[in-house]
Amino acid sequence: MKVLVINCGSSSLKYELFETVSEQSLAHGIAERVVVGGGREASLRHYVAGRQPVVMKGEMPDHEVAVGYVLSALTDPEHGVISDLGEIAAVGHRVVHGGERFAESVLIDDEVIAAIEQFSELAPLHNPPNLQGIRACRRRLPDLPMVAVFDTAFHQTMPQHAYMYGLPYEFYEKYGIRRYGFHGTSHRYVSEIAAQVLAQRGIPAQQQRIITCHLGNGCSMAAVAGGKCLDTTMGFTPLEGLVMGTRCGDLDPAIVPFLAEVLDADPHEVDSILNKKSGLLGISGLTNDMRDLLQAAHEGNSRARLAIDVFCYRVRKYIGTYTAVLGGVDAVVFTAGIGENNPEIREQCLEGLACLGLHLDSERNEDPSIRGQVADVSTADSPARILVIPTNEELLIARDTAAIVVALQSA
Ligand code: ADP
């Protein structure tokens with residue numbers, strides 16, 4: 001079955017077409033500078049394995065036009081991978097916020113769309129463009145089943161003591177203020193692979209205790225017991241938890257009114273500082289890109305070094321925290337841009353954690369041939385595994401979509 005996966009941001013649209021039986025990716029790409037009302041020139045970059053990438057330029061005043069470009073690219077006689085849109089069986093959409101309603105992926109109908117709209121209040125930057133993508137696809141491909149896969153869904157198994165804040169209870173009831181967590185599709189994807197690795201080593205699925213570290217531009221961790229998420233570092237919004245590229249992570253909330261006062265700023269300005277000017281960028285004063293930070297640190301830049309130290313310390317602290325949450329640890333997983341690609345950061349995050357049974361094999365950790373592979377970088381006799389696992393959120397969205405459509409067909 002061919003499934004098209006769509007991930008809409010405010011001005012971008014990422015897509016990937018899968019053959020779900022073989023789990024082969026047929027084509028992927030991104031439309032950028034999709035701007036309401038047009039204006040700037042938008043472009044679509046279309047990639048097919050073994051071929052030169054293709055760039056198409058044009059006006060994309062909304063996501064519906066962008067979806068039109070995607071469908072043209074997929075069916076293009078020269079650059080395409082299918083001859084007819086009828087070959088696409090279903091569309092899977094990434095949706096950021098599913099609130100408390102969605103603990104798993106669902107078939108999209110009018111009621112689901114209304115619920116996603118309702119949760120836009122909780123994710124004002126993400127759910128509206130996700131919805132635009134859904135509506136655009138419904139108009140362009142009206143006969144196809146569509147599935148929503150939520151970033152929050154995997155974390156819905158968190159117990160109430162983990163997701164409540166120490167705030168008056170009525171704020172939870174009235175405004176839905178609680179911890180939701182994000183990156184759930186990635187945490188679920190890599191924890192499922194880690195579970196297979198542990199099962200092969202004789203640890204039964206129900207007993208497995210896994211800590212997943214998604215370290216990319218956005219960063220989060222999850223504590224997973226027997227396949228269920230017990231806690232995660234992101235909260236009501238993706239701002240909580242780890243120090244990220246431009247986000248501050250955990251903070252004393254009293255800093256917010258303090259900053260508002262000393263900067264004579266309104267809440268939105270403070271929020272923007274915490275989201276866009278903090279984290280690695282804010283501490284270093286240089287960049288949010290870990291590669292450039294590492295280079296600067298190696299050249300002796302002390303603020304770059306400090307930013308990296310704060311970043312790794314926070315990960316280490318949460319590995320300790322989650323080991324306590326899980327009552328021990330069988331595997332720590334590193335994934336996403338930084339986690340998959342940088343041995344130095346992995347090593348620093350794990351410093352001093354042999355006490356938890358995490359023994360790193362430094363040589364294997366630094367072996368460039370593990371790139372893009374599932375790799376065990378712990379020593380043979382390490383009590384717990386240290387795994388590097390490339391994430392693939394799009395594939396999980398395609399899998400969920402295919403499973404729901406197959407169930408629908410056989411119902
Ligand atoms: P996103 O969260 O946007 O999907 P990614 O998962 O692609 O982001 O991660 C982006 C981050 O990964 C950037 O900070 C980038 O510097 C970092 N990164 C990518 N490759 C490396 C590398 N080899 N070493 C260190 N950091 C890397």
# chains A, B, ... in the order shown; residues from 1 in each chain; ligands from 1
$ closest_atom_pairs --of "chain A" --to "ligand 1" --cutoff "8 Å" --atoms "only C-alpha atoms and all ligand atoms" --output "tab-separated table"
residue	atom	partner	partner_atom_place_in_ligand_line	distance
A:His214	CA	ligand 1	6 (O)	7.8
A:Leu215	CA	ligand 1	6 (O)	6.6
A:Gly216	CA	ligand 1	9 (O)	3.3
A:Asn217	CA	ligand 1	2 (O)	3.8
A:Gly218	CA	ligand 1	2 (O)	4.7
A:Cys219	CA	ligand 1	2 (O)	7.2
A:Gly245	CA	ligand 1	14 (O)	6.2
A:Asn288	CA	ligand 1	14 (O)	6.1
A:Asp289	CA	ligand 1	16 (O)	3.9
A:Met290	CA	ligand 1	16 (O)	3.9
A:Arg291	CA	ligand 1	25 (C)	4.3
A:Asp292	CA	ligand 1	16 (O)	6.9
A:Leu294	CA	ligand 1	25 (C)	7.3
A:Thr335	CA	ligand 1	6 (O)	7.8
A:Ala336	CA	ligand 1	6 (O)	4.0
A:Gly337	CA	ligand 1	9 (O)	3.3
A:Ile338	CA	ligand 1	26 (N)	4.1
A:Gly339	CA	ligand 1	26 (N)	7.6
A:Glu340	CA	ligand 1	20 (N)	7.7
A:Asn341	CA	ligand 1	23 (N)	4.4
A:Asn342	CA	ligand 1	24 (N)	4.3
A:Pro343	CA	ligand 1	24 (N)	7.9
A:Ile345	CA	ligand 1	25 (C)	7.6
$ write_last_selection --atoms "N, CA, C and O atoms" --output "compact mmCIF listing (two decimals), in the first residue's frame"
# COMPACT_ATOMS: atom_id res chain seq x y z
N HIS A 214 15.85 12.12 22.71
CA HIS A 214 15.71 12.72 21.37
C HIS A 214 16.43 14.07 21.43
O HIS A 214 15.92 15.03 22.00
N LEU A 215 17.63 14.11 20.85
CA LEU A 215 18.44 15.33 20.91
C LEU A 215 18.61 15.89 19.51
O LEU A 215 19.48 15.46 18.75
N GLY A 216 17.73 16.82 19.15
CA GLY A 216 17.82 17.48 17.83
C GLY A 216 17.80 18.97 18.07
O GLY A 216 18.42 19.46 19.02
N ASN A 217 17.11 19.71 17.21
CA ASN A 217 16.91 21.13 17.50
C ASN A 217 16.06 21.28 18.74
O ASN A 217 16.36 22.02 19.65
N GLY A 218 14.93 20.55 18.72
CA GLY A 218 14.15 20.39 19.95
C GLY A 218 14.68 19.14 20.64
O GLY A 218 15.12 18.21 19.95
N CYS A 219 14.67 19.13 21.96
CA CYS A 219 15.22 17.96 22.68
C CYS A 219 14.24 17.52 23.76
O CYS A 219 13.65 18.36 24.46
N GLY A 245 18.19 23.93 21.32
CA GLY A 245 18.89 24.88 20.44
C GLY A 245 18.63 26.32 20.84
O GLY A 245 19.57 27.09 21.11
N ASN A 288 22.80 28.17 17.60
CA ASN A 288 22.02 27.07 18.16
C ASN A 288 22.45 25.74 17.54
O ASN A 288 21.88 24.70 17.85
N ASP A 289 23.40 25.80 16.62
CA ASP A 289 23.80 24.59 15.90
C ASP A 289 24.93 23.87 16.65
O ASP A 289 26.01 24.44 16.84
N MET A 290 24.67 22.65 17.06
CA MET A 290 25.63 21.93 17.90
C MET A 290 26.97 21.71 17.19
O MET A 290 28.01 21.75 17.83
N ARG A 291 26.94 21.51 15.87
CA ARG A 291 28.21 21.31 15.16
C ARG A 291 29.10 22.53 15.28
O ARG A 291 30.29 22.44 15.58
N ASP A 292 28.51 23.72 15.06
CA ASP A 292 29.30 24.95 15.13
C ASP A 292 29.75 25.23 16.56
O ASP A 292 30.85 25.73 16.79
N LEU A 294 30.43 22.95 18.86
CA LEU A 294 31.54 22.05 19.19
C LEU A 294 32.83 22.57 18.59
O LEU A 294 33.88 22.58 19.24
N THR A 335 18.96 9.51 19.97
CA THR A 335 18.44 9.67 18.61
C THR A 335 18.35 11.14 18.23
O THR A 335 18.63 12.02 19.05
N ALA A 336 17.97 11.41 16.97
CA ALA A 336 17.84 12.74 16.34
C ALA A 336 19.23 13.33 16.04
O ALA A 336 20.25 12.74 16.39
N GLY A 337 19.22 14.50 15.39
CA GLY A 337 20.44 15.09 14.81
C GLY A 337 21.68 14.99 15.68
O GLY A 337 22.72 14.51 15.25
N ILE A 338 21.57 15.43 16.94
CA ILE A 338 22.74 15.40 17.82
C ILE A 338 22.96 13.99 18.36
O ILE A 338 24.08 13.46 18.33
N GLY A 339 21.90 13.37 18.85
CA GLY A 339 22.01 12.05 19.48
C GLY A 339 22.52 10.98 18.54
O GLY A 339 23.30 10.11 18.93
N GLU A 340 22.11 11.04 17.27
CA GLU A 340 22.53 10.02 16.31
C GLU A 340 23.94 10.26 15.81
O GLU A 340 24.64 9.31 15.46
N ASN A 341 24.32 11.54 15.72
CA ASN A 341 25.55 11.86 14.97
C ASN A 341 26.75 12.25 15.80
O ASN A 341 27.85 12.31 15.27
N ASN A 342 26.54 12.55 17.09
CA ASN A 342 27.71 13.07 17.80
C ASN A 342 28.20 12.25 18.98
O ASN A 342 27.63 12.30 20.08
N PRO A 343 29.31 11.51 18.78
CA PRO A 343 29.84 10.65 19.84
C PRO A 343 30.31 11.44 21.07
O PRO A 343 30.17 10.98 22.20
N ILE A 345 29.12 14.25 22.35
CA ILE A 345 27.99 14.64 23.21
C ILE A 345 27.45 13.42 23.94
O ILE A 345 27.15 13.48 25.14
$ residues_around --residues "region 46-51 of chain A" --least-positions-apart "4" --cutoff "12 Å" --atoms "only C-alpha atoms" --output "tab-separated table (two decimals) with C-alpha atoms, in the first residue's frame"
chain	number	residue	atom	x	y	z
A	13	LEU	CA	5.20	21.24	4.11
A	14	LYS	CA	7.30	18.08	4.38
A	15	TYR	CA	6.17	14.92	2.64
A	16	GLU	CA	7.25	11.35	2.11
A	17	LEU	CA	5.67	8.59	0.06
A	18	PHE	CA	6.06	5.03	1.37
A	24	GLN	CA	10.43	1.49	1.31
A	25	SER	CA	10.54	5.29	0.99
A	26	LEU	CA	9.75	6.13	-2.65
A	27	ALA	CA	10.22	9.90	-2.53
A	28	HIS	CA	10.36	12.73	-0.04
A	29	GLY	CA	10.70	16.46	-0.05
A	30	ILE	CA	9.84	19.83	1.38
A	31	ALA	CA	7.94	22.88	0.20
A	32	GLU	CA	9.25	26.05	1.83
A	55	VAL	CA	13.80	22.02	-7.25
A	56	MET	CA	10.54	23.54	-8.41
A	57	LYS	CA	9.93	27.22	-7.84
A	69	TYR	CA	2.97	20.91	-6.18
A	70	VAL	CA	3.71	17.78	-4.15
A	71	LEU	CA	1.17	15.71	-6.10
A	72	SER	CA	2.55	17.05	-9.40
A	73	ALA	CA	6.09	16.14	-8.35
A	74	LEU	CA	5.02	12.62	-7.36
A	75	THR	CA	3.25	12.01	-10.69
A	76	ASP	CA	5.64	13.97	-12.93
A	78	GLU	CA	10.25	12.61	-15.50
A	79	HIS	CA	10.72	13.17	-11.74
A	80	GLY	CA	7.76	11.28	-10.34
A	81	VAL	CA	7.50	7.84	-8.74
A	82	ILE	CA	3.87	6.99	-9.50
$ residues_around --residues "Gly133 (chain A)" --least-positions-apart "6" --cutoff "9 Å" --atoms "only C-alpha atoms" --output "tab-separated table (two decimals) with N, CA, C and O atoms, in the first residue's frame"
chain	number	residue	atom	x	y	z
A	6	ILE	N	2.33	13.53	5.49
A	6	ILE	CA	2.38	15.00	5.38
A	6	ILE	C	2.66	15.60	6.75
A	6	ILE	O	2.02	15.23	7.75
A	7	ASN	N	3.60	16.54	6.78
A	7	ASN	CA	3.94	17.22	8.02
A	7	ASN	C	3.98	18.73	7.73
A	7	ASN	O	4.94	19.21	7.14
A	8	CYS	N	2.92	19.44	8.12
A	8	CYS	CA	2.81	20.86	7.77
A	8	CYS	C	3.27	21.76	8.90
A	8	CYS	O	2.76	21.66	10.02
A	9	GLY	N	4.19	22.65	8.60
A	9	GLY	CA	4.55	23.72	9.53
A	9	GLY	C	3.88	25.00	9.06
A	9	GLY	O	3.14	25.00	8.08
A	13	LEU	N	5.94	22.50	4.20
A	13	LEU	CA	5.20	21.24	4.11
A	13	LEU	C	6.20	20.15	3.74
A	13	LEU	O	6.82	20.20	2.68
A	63	HIS	N	-1.31	26.16	1.81
A	63	HIS	CA	-0.89	24.75	1.82
A	63	HIS	C	-1.58	23.93	0.74
A	63	HIS	O	-1.03	22.93	0.29
A	64	GLU	N	-2.76	24.38	0.31
A	64	GLU	CA	-3.46	23.61	-0.72
A	64	GLU	C	-2.68	23.68	-2.04
A	64	GLU	O	-2.54	22.67	-2.74
A	67	VAL	N	0.30	21.43	-1.64
A	67	VAL	CA	-0.05	20.01	-1.83
A	67	VAL	C	-0.16	19.71	-3.33
A	67	VAL	O	0.28	18.66	-3.80
A	93	HIS	N	-1.14	12.16	8.54
A	93	HIS	CA	-0.76	13.53	8.91
A	93	HIS	C	-0.12	13.56	10.28
A	93	HIS	O	-0.68	13.00	11.24
$ residues_around --residues "Ser186 (chain A)" --least-positions-apart "2" --cutoff "6 Å" --atoms "only C-alpha atoms" --output "PyMOL selection string"
chain A and resi 183-184+188-189+391+393
$ select_by_dssp --residues "region 95-313 of chain A" --states "strand (DSSP E)" --output "PyMOL selection string"
chain A and resi 95+106-107+146-150+209-215+219-225+228-232
$ write_last_selection --atoms "C-alpha atoms" --output "PDB file, in the first residue's frame"
ATOM      1  CA  VAL A  95      -0.506  16.487  14.266  1.00  0.00           C
ATOM      2  CA  VAL A 106      -7.081   7.931  14.462  1.00  0.00           C
ATOM      3  CA  LEU A 107      -8.946   8.012  11.189  1.00  0.00           C
ATOM      4  CA  MET A 146      -6.606  10.105   6.190  1.00  0.00           C
ATOM      5  CA  VAL A 147      -5.089   9.388   9.572  1.00  0.00           C
ATOM      6  CA  ALA A 148      -3.845  11.764  12.276  1.00  0.00           C
ATOM      7  CA  VAL A 149      -0.745  10.726  14.243  1.00  0.00           C
ATOM      8  CA  PHE A 150      -0.206  12.865  17.337  1.00  0.00           C
ATOM      9  CA  ARG A 209      13.079  -0.148  31.310  1.00  0.00           C
ATOM     10  CA  ILE A 210      14.173   2.207  28.538  1.00  0.00           C
ATOM     11  CA  ILE A 211      15.233   5.862  28.584  1.00  0.00           C
ATOM     12  CA  THR A 212      15.008   7.594  25.195  1.00  0.00           C
ATOM     13  CA  CYS A 213      16.913  10.814  24.449  1.00  0.00           C
ATOM     14  CA  HIS A 214      15.707  12.717  21.372  1.00  0.00           C
ATOM     15  CA  LEU A 215      18.440  15.330  20.913  1.00  0.00           C
ATOM     16  CA  CYS A 219      15.218  17.965  22.680  1.00  0.00           C
ATOM     17  CA  SER A 220      13.266  15.692  24.995  1.00  0.00           C
ATOM     18  CA  MET A 221      13.611  12.461  26.934  1.00  0.00           C
ATOM     19  CA  ALA A 222      11.142   9.775  27.948  1.00  0.00           C
ATOM     20  CA  ALA A 223      11.047   7.016  30.563  1.00  0.00           C
ATOM     21  CA  VAL A 224       9.442   3.912  29.042  1.00  0.00           C
ATOM     22  CA  ALA A 225       8.479   0.842  31.080  1.00  0.00           C
ATOM     23  CA  LYS A 228       4.511   2.532  28.087  1.00  0.00           C
ATOM     24  CA  CYS A 229       5.681   6.083  28.692  1.00  0.00           C
ATOM     25  CA  LEU A 230       5.838   6.916  32.403  1.00  0.00           C
ATOM     26  CA  ASP A 231       7.340  10.374  32.126  1.00  0.00           C
ATOM     27  CA  THR A 232       8.793  12.792  29.621  1.00  0.00           C
TER      28      THR A 232
END
$ select_by_dssp --residues "region 89-144 of chain A" --states "alpha helix (DSSP H)" --output "ChimeraX atom specification"
/A:110-118,127-140
$ residues_around --residues "Leu141 (chain A)" --least-positions-apart "5" --cutoff "10 Å" --atoms "only C-alpha atoms" --output "compact mmCIF listing (two decimals) with all heavy atoms, in the first residue's frame"
# COMPACT_ATOMS: atom_id res chain seq x y z
N VAL A 67 0.30 21.43 -1.64
CA VAL A 67 -0.05 20.01 -1.83
C VAL A 67 -0.16 19.71 -3.33
O VAL A 67 0.28 18.66 -3.80
CB VAL A 67 -1.37 19.65 -1.10
CG1 VAL A 67 -1.88 18.27 -1.51
CG2 VAL A 67 -1.18 19.70 0.41
N GLY A 68 -0.69 20.67 -4.09
CA GLY A 68 -0.77 20.50 -5.54
C GLY A 68 0.61 20.29 -6.15
O GLY A 68 0.81 19.41 -6.99
N LEU A 71 1.82 16.76 -5.30
CA LEU A 71 1.17 15.71 -6.10
C LEU A 71 1.70 15.74 -7.53
O LEU A 71 1.89 14.69 -8.16
CB LEU A 71 -0.35 15.88 -6.06
CG LEU A 71 -0.98 15.78 -4.65
CD1 LEU A 71 -2.49 15.97 -4.71
CD2 LEU A 71 -0.64 14.45 -3.97
N LEU A 85 -2.42 9.38 -9.36
CA LEU A 85 -2.70 9.64 -7.94
C LEU A 85 -3.51 8.52 -7.31
O LEU A 85 -3.47 8.32 -6.09
CB LEU A 85 -3.46 10.96 -7.79
CG LEU A 85 -2.65 12.24 -8.03
CD1 LEU A 85 -3.53 13.47 -7.82
CD2 LEU A 85 -1.44 12.28 -7.11
N GLY A 86 -4.22 7.77 -8.15
CA GLY A 86 -5.01 6.64 -7.67
C GLY A 86 -4.16 5.58 -6.99
O GLY A 86 -4.67 4.72 -6.26
N ILE A 88 -2.07 6.18 -4.66
CA ILE A 88 -1.94 6.50 -3.23
C ILE A 88 -3.19 6.00 -2.51
O ILE A 88 -4.32 6.32 -2.89
CB ILE A 88 -1.80 8.03 -3.01
CG1 ILE A 88 -0.59 8.57 -3.78
CG2 ILE A 88 -1.65 8.35 -1.51
CD1 ILE A 88 -0.43 10.08 -3.71
N ALA A 90 -3.72 6.16 0.99
CA ALA A 90 -4.11 6.89 2.20
C ALA A 90 -3.08 7.98 2.49
O ALA A 90 -1.96 7.95 1.96
CB ALA A 90 -4.20 5.94 3.39
N VAL A 91 -3.48 8.92 3.34
CA VAL A 91 -2.56 9.99 3.75
C VAL A 91 -2.46 9.99 5.27
O VAL A 91 -3.48 9.91 5.97
CB VAL A 91 -3.06 11.38 3.27
CG1 VAL A 91 -2.06 12.46 3.64
CG2 VAL A 91 -3.30 11.38 1.77
N ARG A 135 -6.84 19.85 5.69
CA ARG A 135 -7.92 20.38 4.85
C ARG A 135 -7.49 20.45 3.38
O ARG A 135 -8.27 20.14 2.48
CB ARG A 135 -8.33 21.77 5.34
CG ARG A 135 -9.02 21.69 6.70
CD ARG A 135 -9.76 22.98 7.02
NE ARG A 135 -10.63 22.79 8.15
CZ ARG A 135 -10.48 23.39 9.34
NH1 ARG A 135 -9.47 24.23 9.53
NH2 ARG A 135 -11.32 23.15 10.32
N ALA A 136 -6.23 20.84 3.18
CA ALA A 136 -5.73 20.93 1.80
C ALA A 136 -5.77 19.54 1.14
O ALA A 136 -6.21 19.40 0.00
CB ALA A 136 -4.30 21.48 1.80
N MET A 146 -7.74 9.37 5.61
CA MET A 146 -6.61 10.10 6.19
C MET A 146 -6.54 9.81 7.68
O MET A 146 -7.57 9.66 8.34
CB MET A 146 -6.78 11.60 5.98
CG MET A 146 -7.01 11.92 4.53
SD MET A 146 -6.33 13.45 3.99
CE MET A 146 -6.89 13.38 2.27
$ residues_around --residues "Arg346 (chain A)" --least-positions-apart "6" --cutoff "12 Å" --atoms "only C-alpha atoms" --output "count of residues only"
33
$ closest_residue --among "A:Pro128, A:Gly92, A:Pro159, A:Gly249" --to "Met234 (chain A)" --atoms "only C-alpha atoms"
A:Gly249
$ residues_around --residues "Thr246 (chain A)" --least-positions-apart "3" --cutoff "8 Å" --atoms "only C-alpha atoms" --output "ChimeraX atom specification"
/A:217,274-282,288
$ write_last_selection --atoms "C-alpha atoms" --output "PDB file, in the first residue's frame"
ATOM      1  CA  ASN A 217      16.912  21.134  17.497  1.00  0.00           C
ATOM      2  CA  LEU A 274      12.538  31.730  26.306  1.00  0.00           C
ATOM      3  CA  ASN A 275      11.639  29.960  23.036  1.00  0.00           C
ATOM      4  CA  LYS A 276      13.830  31.667  20.477  1.00  0.00           C
ATOM      5  CA  LYS A 277      16.774  33.354  22.150  1.00  0.00           C
ATOM      6  CA  SER A 278      17.713  30.961  24.934  1.00  0.00           C
ATOM      7  CA  GLY A 279      19.182  27.462  25.129  1.00  0.00           C
ATOM      8  CA  LEU A 280      22.473  26.786  23.341  1.00  0.00           C
ATOM      9  CA  LEU A 281      22.114  30.042  21.405  1.00  0.00           C
ATOM     10  CA  GLY A 282      21.400  32.128  24.480  1.00  0.00           C
ATOM     11  CA  ASN A 288      22.016  27.067  18.164  1.00  0.00           C
TER      12      ASN A 288
END
$ closest_residue --among "A:Leu306, A:Val112, A:Met1, A:Thr321" --to "Ile134 (chain A)" --atoms "only C-alpha atoms"
A:Val112
